[in-house]
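Below is one structure, written out as structure tokens; the observations come after it.
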Amino acid sequence: MFLLLPFDSLVVNLLGISITVLFTLLLVFIIVPAIFGVSFGIRKVYMKTLLRIFQWATLRIERGAKEKNHPLYKPYVNGIIAKEPTSLEEEIKEIRRSGSGKALDTPEFELSDIFYFCRKGIETIMDDEVTKRFSAEELESWNLLSRTNYNFQYISLRLTVLWGLGVLVRYCFLLPLRIALAFTGISLLVTGTTVVGYLPNGRCKDFLSKHVHLMCYRICVRALTAIITYHDRENRPRNGGICVANHTSPIDVIILASDGYYAMVGQIHGGLMGVIQRAMVKACPHVWFERSEVKDRHLVARRLTEHVQDKSKLPILIFPEGTCINNTSVMMFKKGSFEIGATVYPVAIKYDPQFGDAFWNSSKYGMVTYLLRMMTSWAIVCSVWYLPPMTRQPEEDAVQFANRVKSAIARQGGLVDLLWDGGLKREKVKDAFKEEQQKLYSKMIVGSHEDRSRS
């Protein structure tokens, strides 16, 4: 029989005591407060401490860079090309005046018109409004997390030691703690919703389902050390409505669901995600679609309409952009969610990239890599604004209604309101956009159909 040496026995006992103490602290200071929706303010103290460290590190870097006389930051601007809001006709007129001295009095094709389209094409390649929305937002200060400073060089021993300590804290303390919390939250969600699912429908089941969901999402929020500020909570979505929000990350769902009770909409998955979906739908009427059904727009609209017509059912949570944007702008909303005639509850989400970049660049990082980046960041800090409910006006079509909601979200969140489709992240520009420019130029040269008929 194998016997432990006294030293080995001491190590085992110390390890057991450490695990017991850690689990007790985890239970008392994180899990139990998450269950009851309270906070001891530890995360806010942690955030303020980080801000002071970032401020000191940034000042030290700036002073060191000034002493060594080398540039430190990339110039941060919204665009690298100055553009004025002018029309195609006005710009071509200007080109013709400067080139041949002719105005557009006699509509006809001129070779100089080509320069307008060449210039626009080069401008779009160099500084288009779409591509830069799918890359991480550049920081102007060092957050000891990612060296986003331009031309960063060795400044001092203290800064290097501070960065090394930051790596140890994030990977050796925060990462294991967060993994344990995430595992706890997901396990409780699957177990709790499965048990609640066996109860008969009624108020008791609805009450337990709501609090199981809220409890588990709040634990998952703490697994990211998320510090969330909710504004105007009196405008939170109500049953029979649709909650629409700008989309930056998969954790948007957790951010919103930790403060409200929603019916999720999405495609059925396999693996761990499939297990979670099947457990959740037992306790709550979520709307899951098969892969083949997602492409059937009419089927999706019918299922959503049936859900919102039942005023006893939970509000649906939808991200109409259909893809993740880097939280600097809001891109085109798909009109499907705005065609079904339900009350829309807009929500604006704005992340602070100073503590960690929440944006998921799915073309660059897989889900596992992304989650690892999230769990090794300092924290996820964001603000959530609940906007007043909006309904479709009689004179509006679905596209106009979607644009009105999108503008309200962009204005509240301090985001750029763009008309481009986020699907351009993976797809080519639709022929309709090209044809629109061709029609404008054709109308300028040969006139409209009415002009030709008069002549």
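Just remember, in the structure tokens the first chain shown is A, the second B, etc., residues are 1-based per chain, and ligands are 1-based in the order shown.
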Can you pull out the residues contacting Ser329 in chain A? Cut-off 10 Å, using only C-alpha atoms, and skip same-chain residues under 5 positions away; I want them as a ChimeraX atom specification. /A:129-130,133,246-248,350,409-410,413-418
Using only C-alpha atoms, which residues of range 295-403 of chain A come within 12 Å of range 192-214 of chain A, and what is the closest atom pair for each, with the distance in Å to one decimal? Give it as a tab-separated table, sorted by chain and residue number.
```
residue	atom	partner	partner_atom	distance
A:Ser312	CA	A:Asp206	CA	10.6
A:Lys313	CA	A:Asp206	CA	10.2
A:Leu314	CA	A:Lys210	CA	10.1
```
Written selection (N, CA and C atoms) as a PDB file, in the first residue's frame:
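Listed below is the output, out21.pdb:
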```pdb
ATOM      1  N   SER A 312     -49.182  36.602 -23.487  1.00  0.00           N
ATOM      2  CA  SER A 312     -48.663  35.975 -22.268  1.00  0.00           C
ATOM      3  C   SER A 312     -47.230  35.476 -22.457  1.00  0.00           C
ATOM      4  N   LYS A 313     -46.773  35.457 -23.702  1.00  0.00           N
ATOM      5  CA  LYS A 313     -45.423  34.950 -23.976  1.00  0.00           C
ATOM      6  C   LYS A 313     -44.382  36.050 -23.840  1.00  0.00           C
ATOM      7  N   LEU A 314     -43.155  35.636 -23.592  1.00  0.00           N
ATOM      8  CA  LEU A 314     -42.059  36.561 -23.319  1.00  0.00           C
ATOM      9  C   LEU A 314     -41.693  37.373 -24.557  1.00  0.00           C
TER      10      LEU A 314
END
```
Any idea what's packed within 12 Å of Pro388 in chain A, counting only C-alpha atoms, ignoring anything in its chain fewer than 3 positions away? Could you give it as a PyMOL selection string? chain A and resi 231-238+243-244+343-348+385+391+405+408-409+412
Would you kindly return, as a list in words, each protein, DNA or RNA residue with an atom no farther than 6 Å from any atom of range 262-269 of chain A, considering only C-alpha atoms and excluding same-chain residues fewer than 6 positions away? His286, Val287, Trp288, Phe289, Glu290, Leu314, Pro315, Ile316 and Leu317 of chain A
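Between Val381 in chain A and the residues A:Tyr171, A:Phe401, A:Tyr351, A:Phe183, the shortest atom-to-atom distance, using only C-alpha atoms, involves A:Tyr351.
Between CA of Cys324 in chain A and CA of Phe134 in chain A there is a distance of 7.8 Å.
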Restricting the calculation to only C-alpha atoms, which member of A:Trp378, A:Met331, A:Asp259, A:Glu435 is positioned closest to Ile53 in chain A? A:Trp378
7 Å contact set for Val308 in chain A, only C-alpha atoms, chain neighbours under 4 positions out, as JSON, numbers by chain: {"A": [240, 241, 304, 342]}
Output for the residues just chosen: N, CA, C and O atoms as a tab-separated table (two decimals), in the first residue's frame:
```tsv
chain	number	residue	atom	x	y	z
A	240	GLY	N	-45.18	39.98	-25.37
A	240	GLY	CA	-45.85	40.23	-26.64
A	240	GLY	C	-45.13	41.22	-27.53
A	240	GLY	O	-45.66	41.61	-28.57
A	241	GLY	N	-43.91	41.63	-27.16
A	241	GLY	CA	-43.16	42.58	-27.98
A	241	GLY	C	-41.86	41.97	-28.49
A	241	GLY	O	-41.57	40.79	-28.27
A	304	LEU	N	-42.64	33.85	-35.70
A	304	LEU	CA	-42.48	35.03	-34.84
A	304	LEU	C	-43.82	35.73	-34.60
A	304	LEU	O	-44.11	36.18	-33.49
A	342	ALA	N	-45.55	43.99	-34.44
A	342	ALA	CA	-45.48	43.98	-32.98
A	342	ALA	C	-44.82	45.26	-32.46
A	342	ALA	O	-44.13	45.97	-33.20
```
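Interatomic distance, CA of Gly366 in chain A against CA of Gly422 in chain A: 18.7 Å.
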Could you pull out the strand (DSSP E or B) residues of range 333-394 of chain A from DSSP and send them as a VMD selection string? chain A and resid 344 to 352 380 to 386 390
